Amino acid sequence: MKITLITVGKIKEKYLTAAVAEYEKRLSRYCRLEIVETPDEKTPDGAGEALEEQIRSKEGARILAHVKENAYVVALAIEGNMLSSVELAGFVERLGVRGESHIQFIIGGSLGLSAEVLKRADYRLSFSRMTFPHQLMRVILLEQIYRSYRIMSGEPYHK
């Protein structure tokens with residue numbers, strides 16, 4: 001299976017870059033992983049809702065340029081469905097059984113995802129009602145994907 005993360009912005013902190021690299025290495029035995037970074041838009045302090053919507057729309061267009069027509073798209077969104085690690089593993093496994101060979105996970109920028117991206121998504125996944133920095137969310141998502149593959153393989157994982 002191919003897993004693609006489509007993300008807004010680059011990771012600047014070395015400790016997060018190292019964590020991403022570690023999970024890329026770990027996941028290489030389970031799937032083909034690709035990480036696509038799209039540029040983020042600067043949001044001025046005190047930006048109004050109209051400007052924020054314009055920024056989400058620009059970032060969304062960049063995201064959608066990388067979404068493959070035949071991919072199953074999972075958007076990370078606060079209002080999405082919350083799953084346990086075991087449930088996420090089952091979800092990924094069921095997609096594979098159904099014949100989905102490419103899953104694309106989308107992590108938006110600091111303002112979230114545009115309506116267009118959410119509309120294209122086949123599934124909305126939430127990790128919490130809390131907000132996390134999108135760079136850190138990339139590490140959390142990779143860890144959960146790795147954990148999913150360990151669970152699906154019947155291998156031990158930290159509880």
# chains A, B, ... in the order shown; residues from 1 in each chain; ligands from 1
>>> closest_atom_pairs(of="stretch 92-150 of chain A", to="stretch 70-87 of chain A", cutoff="9 Å", atoms="only C-alpha atoms", output="Markdown table")
| residue | atom | partner | partner_atom | distance |
| --- | --- | --- | --- | --- |
| A:Val92 | CA | A:Glu87 | CA | 8.7 |
| A:Leu95 | CA | A:Tyr72 | CA | 8.4 |
| A:Glu100 | CA | A:Tyr72 | CA | 6.8 |
| A:Ser101 | CA | A:Ala71 | CA | 7.5 |
| A:His102 | CA | A:Ala71 | CA | 5.0 |
| A:Ile103 | CA | A:Tyr72 | CA | 4.8 |
| A:Gln104 | CA | A:Val73 | CA | 4.8 |
| A:Phe105 | CA | A:Val74 | CA | 4.7 |
| A:Ile106 | CA | A:Ala75 | CA | 4.8 |
| A:Ile107 | CA | A:Leu76 | CA | 5.6 |
| A:Gly108 | CA | A:Leu76 | CA | 7.5 |
| A:Gly112 | CA | A:Ala77 | CA | 7.5 |
| A:Leu113 | CA | A:Ala77 | CA | 7.6 |
| A:Val117 | CA | A:Ala75 | CA | 7.7 |
| A:Leu118 | CA | A:Ala75 | CA | 6.6 |
| A:Arg120 | CA | A:Val73 | CA | 7.4 |
| A:Ala121 | CA | A:Val73 | CA | 4.9 |
| A:Asp122 | CA | A:Val73 | CA | 5.2 |
| A:Tyr123 | CA | A:Val74 | CA | 4.8 |
| A:Arg124 | CA | A:Gly80 | CA | 4.4 |
| A:Leu125 | CA | A:Gly80 | CA | 4.5 |
| A:Ser126 | CA | A:Gly80 | CA | 4.6 |
| A:Phe127 | CA | A:Met82 | CA | 5.9 |
| A:Ser128 | CA | A:Ile78 | CA | 6.5 |
| A:Arg129 | CA | A:Ile78 | CA | 5.4 |
| A:Met130 | CA | A:Ile78 | CA | 7.4 |
| A:Thr131 | CA | A:Ile78 | CA | 7.6 |
| A:Gln144 | CA | A:Ser85 | CA | 6.7 |
| A:Ile145 | CA | A:Ser85 | CA | 8.8 |
| A:Arg147 | CA | A:Ser85 | CA | 7.2 |
| A:Ser148 | CA | A:Ser85 | CA | 6.6 |
>>> residues_around(residues="A:Glu37", least_positions_apart="3", cutoff="10 Å", atoms="only C-alpha atoms", output="PyMOL selection string")
chain A and resi 5-11+34+40+62-63+66+107
>>> write_last_selection(atoms="C-alpha atoms", output="PDB file, in the first residue's frame")
ATOM      1  CA  LEU A   5       0.959  12.715   3.633  1.00  0.00           C
ATOM      2  CA  ILE A   6       0.054  16.009   1.994  1.00  0.00           C
ATOM      3  CA  THR A   7       0.997  18.771   4.389  1.00  0.00           C
ATOM      4  CA  VAL A   8       1.053  22.539   4.475  1.00  0.00           C
ATOM      5  CA  GLY A   9       4.381  24.071   5.423  1.00  0.00           C
ATOM      6  CA  LYS A  10       7.836  22.754   6.154  1.00  0.00           C
ATOM      7  CA  ILE A  11       9.160  21.433   9.418  1.00  0.00           C
ATOM      8  CA  GLU A  34       5.580   9.770   0.474  1.00  0.00           C
ATOM      9  CA  ASP A  40       1.956  27.858   3.574  1.00  0.00           C
ATOM     10  CA  ARG A  62      -2.113  23.659  -3.540  1.00  0.00           C
ATOM     11  CA  ILE A  63      -3.188  20.589  -1.580  1.00  0.00           C
ATOM     12  CA  HIS A  66      -1.439  16.724  -5.265  1.00  0.00           C
ATOM     13  CA  ILE A 107      -2.794  17.993   7.242  1.00  0.00           C
TER      14      ILE A 107
END
>>> residues_around(residues="A:Gln54", least_positions_apart="2", cutoff="12 Å", atoms="only C-alpha atoms", output="MDAnalysis selection string")
chainID A and resid 41:43 47:52 56:61 111:115
>>> select_by_dssp(residues="chain A", states="alpha helix (DSSP H)", output="VMD selection string")
chain A and resid 14 to 27 49 to 64 85 to 97 115 to 120 134 to 152
>>> write_last_selection(atoms="C-alpha atoms", output="mmCIF file, in the first residue's frame")
data_model
loop_
_atom_site.group_PDB
_atom_site.id
_atom_site.type_symbol
_atom_site.label_atom_id
_atom_site.label_comp_id
_atom_site.auth_asym_id
_atom_site.auth_seq_id
_atom_site.Cartn_x
_atom_site.Cartn_y
_atom_site.Cartn_z
ATOM 1 C CA LYS A 14 15.389 19.645 14.080
ATOM 2 C CA TYR A 15 13.795 17.408 16.711
ATOM 3 C CA LEU A 16 10.604 17.127 14.625
ATOM 4 C CA THR A 17 12.603 16.508 11.436
ATOM 5 C CA ALA A 18 14.458 13.710 13.234
ATOM 6 C CA ALA A 19 11.182 12.177 14.444
ATOM 7 C CA VAL A 20 9.694 12.261 10.934
ATOM 8 C CA ALA A 21 12.843 10.612 9.536
ATOM 9 C CA GLU A 22 12.655 7.890 12.190
ATOM 10 C CA TYR A 23 9.046 7.037 11.337
ATOM 11 C CA GLU A 24 9.808 7.137 7.605
ATOM 12 C CA LYS A 25 12.507 4.520 8.252
ATOM 13 C CA ARG A 26 10.231 2.378 10.447
ATOM 14 C CA LEU A 27 7.337 2.533 7.991
ATOM 15 C CA GLU A 49 -12.447 35.954 8.436
ATOM 16 C CA ALA A 50 -12.468 36.944 4.735
ATOM 17 C CA LEU A 51 -8.661 36.994 4.575
ATOM 18 C CA GLU A 52 -8.418 33.743 6.529
ATOM 19 C CA GLU A 53 -10.837 32.106 4.078
ATOM 20 C CA GLN A 54 -8.743 33.397 1.172
ATOM 21 C CA ILE A 55 -5.614 31.886 2.767
ATOM 22 C CA ARG A 56 -7.347 28.525 3.366
ATOM 23 C CA SER A 57 -8.508 28.575 -0.242
ATOM 24 C CA LYS A 58 -4.983 29.211 -1.607
ATOM 25 C CA GLU A 59 -3.499 26.492 0.570
ATOM 26 C CA GLY A 60 -6.385 24.188 -0.365
ATOM 27 C CA ALA A 61 -5.744 24.644 -4.080
ATOM 28 C CA ARG A 62 -2.113 23.659 -3.540
ATOM 29 C CA ILE A 63 -3.188 20.589 -1.580
ATOM 30 C CA LEU A 64 -5.745 19.524 -4.191
ATOM 31 C CA SER A 85 -5.285 3.209 17.618
ATOM 32 C CA VAL A 86 -6.846 -0.240 17.190
ATOM 33 C CA GLU A 87 -9.788 1.279 15.304
ATOM 34 C CA LEU A 88 -7.414 3.205 13.011
ATOM 35 C CA ALA A 89 -5.540 -0.024 12.288
ATOM 36 C CA GLY A 90 -8.830 -1.722 11.417
ATOM 37 C CA PHE A 91 -9.817 1.217 9.221
ATOM 38 C CA VAL A 92 -6.543 1.052 7.245
ATOM 39 C CA GLU A 93 -6.780 -2.729 7.003
ATOM 40 C CA ARG A 94 -10.374 -2.585 5.698
ATOM 41 C CA LEU A 95 -9.324 -0.068 3.054
ATOM 42 C CA GLY A 96 -6.632 -2.479 1.877
ATOM 43 C CA VAL A 97 -9.068 -5.401 1.788
ATOM 44 C CA ALA A 115 -14.116 23.712 2.269
ATOM 45 C CA GLU A 116 -12.940 22.365 -1.103
ATOM 46 C CA VAL A 117 -10.435 20.011 0.523
ATOM 47 C CA LEU A 118 -12.984 18.838 3.094
ATOM 48 C CA LYS A 119 -15.486 18.210 0.297
ATOM 49 C CA ARG A 120 -12.957 16.073 -1.618
ATOM 50 C CA HIS A 134 0.620 21.134 12.103
ATOM 51 C CA GLN A 135 4.346 20.239 12.201
ATOM 52 C CA LEU A 136 3.843 18.201 15.385
ATOM 53 C CA MET A 137 0.678 16.651 13.927
ATOM 54 C CA ARG A 138 2.796 15.160 11.152
ATOM 55 C CA VAL A 139 4.844 13.241 13.737
ATOM 56 C CA ILE A 140 1.734 12.143 15.637
ATOM 57 C CA LEU A 141 0.074 10.913 12.438
ATOM 58 C CA LEU A 142 3.180 9.003 11.313
ATOM 59 C CA GLU A 143 3.445 7.365 14.727
ATOM 60 C CA GLN A 144 -0.194 6.261 14.555
ATOM 61 C CA ILE A 145 0.215 4.909 11.022
ATOM 62 C CA TYR A 146 3.272 2.969 12.202
ATOM 63 C CA ARG A 147 1.335 1.705 15.230
ATOM 64 C CA SER A 148 -1.502 0.662 12.877
ATOM 65 C CA TYR A 149 0.842 -1.472 10.803
ATOM 66 C CA ARG A 150 2.294 -3.060 13.954
ATOM 67 C CA ILE A 151 -1.230 -3.895 15.124
ATOM 68 C CA MET A 152 -2.252 -5.268 11.709
#
>>> atom_distance(atom1="atom CA of A:Glu13", atom2="atom CA of A:Pro133")
11.9 Å
>>> select_by_dssp(residues="chain A", states="strand (DSSP E)", output="PDB file with N, CA and C atoms, in the first residue's frame")
ATOM      1  N   LYS A   2       0.404   2.277  -0.653  1.00  0.00           N
ATOM      2  CA  LYS A   2       1.110   3.556  -0.644  1.00  0.00           C
ATOM      3  C   LYS A   2       0.364   4.513   0.284  1.00  0.00           C
ATOM      4  N   ILE A   3       1.118   5.160   1.144  1.00  0.00           N
ATOM      5  CA  ILE A   3       0.589   6.167   2.055  1.00  0.00           C
ATOM      6  C   ILE A   3       1.256   7.489   1.702  1.00  0.00           C
ATOM      7  N   THR A   4       0.450   8.511   1.457  1.00  0.00           N
ATOM      8  CA  THR A   4       0.981   9.843   1.183  1.00  0.00           C
ATOM      9  C   THR A   4       0.458  10.806   2.231  1.00  0.00           C
ATOM     10  N   LEU A   5       1.353  11.605   2.775  1.00  0.00           N
ATOM     11  CA  LEU A   5       0.959  12.715   3.633  1.00  0.00           C
ATOM     12  C   LEU A   5       1.096  13.974   2.801  1.00  0.00           C
ATOM     13  N   ILE A   6       0.015  14.707   2.659  1.00  0.00           N
ATOM     14  CA  ILE A   6       0.054  16.009   1.994  1.00  0.00           C
ATOM     15  C   ILE A   6      -0.082  17.037   3.106  1.00  0.00           C
ATOM     16  N   THR A   7       0.938  17.857   3.259  1.00  0.00           N
ATOM     17  CA  THR A   7       0.997  18.771   4.389  1.00  0.00           C
ATOM     18  C   THR A   7       1.245  20.198   3.926  1.00  0.00           C
ATOM     19  N   VAL A   8       0.803  21.126   4.738  1.00  0.00           N
ATOM     20  CA  VAL A   8       1.053  22.539   4.475  1.00  0.00           C
ATOM     21  C   VAL A   8       2.234  22.974   5.330  1.00  0.00           C
ATOM     22  N   ARG A  32       4.801   1.993   1.196  1.00  0.00           N
ATOM     23  CA  ARG A  32       5.561   3.032   0.484  1.00  0.00           C
ATOM     24  C   ARG A  32       5.031   4.367   0.992  1.00  0.00           C
ATOM     25  N   LEU A  33       5.904   5.137   1.602  1.00  0.00           N
ATOM     26  CA  LEU A  33       5.511   6.403   2.203  1.00  0.00           C
ATOM     27  C   LEU A  33       6.054   7.559   1.385  1.00  0.00           C
ATOM     28  N   GLU A  34       5.186   8.538   1.170  1.00  0.00           N
ATOM     29  CA  GLU A  34       5.580   9.770   0.474  1.00  0.00           C
ATOM     30  C   GLU A  34       5.060  10.936   1.306  1.00  0.00           C
ATOM     31  N   ILE A  35       5.898  11.947   1.475  1.00  0.00           N
ATOM     32  CA  ILE A  35       5.463  13.159   2.169  1.00  0.00           C
ATOM     33  C   ILE A  35       5.592  14.322   1.190  1.00  0.00           C
ATOM     34  N   VAL A  36       4.471  14.989   0.968  1.00  0.00           N
ATOM     35  CA  VAL A  36       4.416  16.130   0.057  1.00  0.00           C
ATOM     36  C   VAL A  36       4.188  17.383   0.895  1.00  0.00           C
ATOM     37  N   GLU A  37       5.097  18.327   0.788  1.00  0.00           N
ATOM     38  CA  GLU A  37       4.956  19.590   1.507  1.00  0.00           C
ATOM     39  C   GLU A  37       4.533  20.676   0.528  1.00  0.00           C
ATOM     40  N   THR A  38       3.462  21.374   0.857  1.00  0.00           N
ATOM     41  CA  THR A  38       3.035  22.503   0.039  1.00  0.00           C
ATOM     42  C   THR A  38       3.314  23.789   0.814  1.00  0.00           C
ATOM     43  N   TYR A  72      -7.700   7.237  -1.815  1.00  0.00           N
ATOM     44  CA  TYR A  72      -8.667   7.405  -0.730  1.00  0.00           C
ATOM     45  C   TYR A  72      -8.114   8.525   0.134  1.00  0.00           C
ATOM     46  N   VAL A  73      -8.876   9.587   0.298  1.00  0.00           N
ATOM     47  CA  VAL A  73      -8.388  10.799   0.956  1.00  0.00           C
ATOM     48  C   VAL A  73      -8.955  10.917   2.362  1.00  0.00           C
ATOM     49  N   VAL A  74      -8.032  11.057   3.326  1.00  0.00           N
ATOM     50  CA  VAL A  74      -8.388  11.244   4.733  1.00  0.00           C
ATOM     51  C   VAL A  74      -7.906  12.621   5.150  1.00  0.00           C
ATOM     52  N   ALA A  75      -8.857  13.499   5.478  1.00  0.00           N
ATOM     53  CA  ALA A  75      -8.515  14.854   5.929  1.00  0.00           C
ATOM     54  C   ALA A  75      -8.492  14.873   7.445  1.00  0.00           C
ATOM     55  N   LEU A  76      -7.433  15.423   8.019  1.00  0.00           N
ATOM     56  CA  LEU A  76      -7.390  15.602   9.461  1.00  0.00           C
ATOM     57  C   LEU A  76      -8.148  16.878   9.791  1.00  0.00           C
ATOM     58  N   ALA A  77      -9.198  16.730  10.574  1.00  0.00           N
ATOM     59  CA  ALA A  77     -10.075  17.849  10.886  1.00  0.00           C
ATOM     60  C   ALA A  77     -10.623  17.682  12.296  1.00  0.00           C
ATOM     61  N   ILE A  78     -10.640  18.761  13.047  1.00  0.00           N
ATOM     62  CA  ILE A  78     -11.120  18.706  14.433  1.00  0.00           C
ATOM     63  C   ILE A  78     -12.515  18.107  14.508  1.00  0.00           C
ATOM     64  N   GLU A  79     -13.369  18.419  13.531  1.00  0.00           N
ATOM     65  CA  GLU A  79     -14.747  17.936  13.566  1.00  0.00           C
ATOM     66  C   GLU A  79     -14.908  16.530  12.984  1.00  0.00           C
ATOM     67  N   GLY A  80     -13.793  15.852  12.697  1.00  0.00           N
ATOM     68  CA  GLY A  80     -13.846  14.508  12.132  1.00  0.00           C
ATOM     69  C   GLY A  80     -14.147  13.450  13.169  1.00  0.00           C
ATOM     70  N   ASN A  81     -14.067  12.204  12.745  1.00  0.00           N
ATOM     71  CA  ASN A  81     -14.307  11.059  13.616  1.00  0.00           C
ATOM     72  C   ASN A  81     -13.055  10.739  14.420  1.00  0.00           C
ATOM     73  N   MET A  82     -13.240  10.500  15.708  1.00  0.00           N
ATOM     74  CA  MET A  82     -12.118  10.102  16.561  1.00  0.00           C
ATOM     75  C   MET A  82     -12.081   8.581  16.643  1.00  0.00           C
ATOM     76  N   HIS A 102      -3.945   3.217  -2.310  1.00  0.00           N
ATOM     77  CA  HIS A 102      -3.284   4.500  -2.041  1.00  0.00           C
ATOM     78  C   HIS A 102      -4.165   5.323  -1.098  1.00  0.00           C
ATOM     79  N   ILE A 103      -3.633   5.606   0.090  1.00  0.00           N
ATOM     80  CA  ILE A 103      -4.331   6.469   1.045  1.00  0.00           C
ATOM     81  C   ILE A 103      -3.538   7.759   1.147  1.00  0.00           C
ATOM     82  N   GLN A 104      -4.236   8.873   1.007  1.00  0.00           N
ATOM     83  CA  GLN A 104      -3.609  10.184   1.166  1.00  0.00           C
ATOM     84  C   GLN A 104      -4.199  10.853   2.405  1.00  0.00           C
ATOM     85  N   PHE A 105      -3.320  11.163   3.365  1.00  0.00           N
ATOM     86  CA  PHE A 105      -3.710  11.890   4.570  1.00  0.00           C
ATOM     87  C   PHE A 105      -3.363  13.354   4.359  1.00  0.00           C
ATOM     88  N   ILE A 106      -4.278  14.245   4.716  1.00  0.00           N
ATOM     89  CA  ILE A 106      -4.054  15.679   4.509  1.00  0.00           C
ATOM     90  C   ILE A 106      -4.022  16.396   5.848  1.00  0.00           C
ATOM     91  N   ILE A 107      -2.939  17.146   6.058  1.00  0.00           N
ATOM     92  CA  ILE A 107      -2.794  17.993   7.242  1.00  0.00           C
ATOM     93  C   ILE A 107      -2.750  19.432   6.761  1.00  0.00           C
ATOM     94  N   TYR A 123     -12.970  10.750   3.993  1.00  0.00           N
ATOM     95  CA  TYR A 123     -13.129  10.529   5.429  1.00  0.00           C
ATOM     96  C   TYR A 123     -12.465  11.678   6.171  1.00  0.00           C
ATOM     97  N   ARG A 124     -13.060  12.075   7.291  1.00  0.00           N
ATOM     98  CA  ARG A 124     -12.478  13.114   8.146  1.00  0.00           C
ATOM     99  C   ARG A 124     -12.082  12.456   9.459  1.00  0.00           C
ATOM    100  N   LEU A 125     -10.814  12.618   9.806  1.00  0.00           N
ATOM    101  CA  LEU A 125     -10.256  12.001  10.999  1.00  0.00           C
ATOM    102  C   LEU A 125      -9.838  13.083  11.980  1.00  0.00           C
ATOM    103  N   SER A 126     -10.215  12.910  13.234  1.00  0.00           N
ATOM    104  CA  SER A 126      -9.818  13.840  14.292  1.00  0.00           C
ATOM    105  C   SER A 126      -8.996  13.098  15.321  1.00  0.00           C
TER     106      SER A 126
END
>>> closest_residue(among="A:Met1, A:Lys68, A:Asp45, A:Arg98", to="A:Cys31", atoms="only C-alpha atoms")
A:Met1
>>> closest_residue(among="A:Ser28, A:Glu155, A:Val67, A:Ser110", to="A:Phe132", atoms="only C-alpha atoms")
A:Ser110
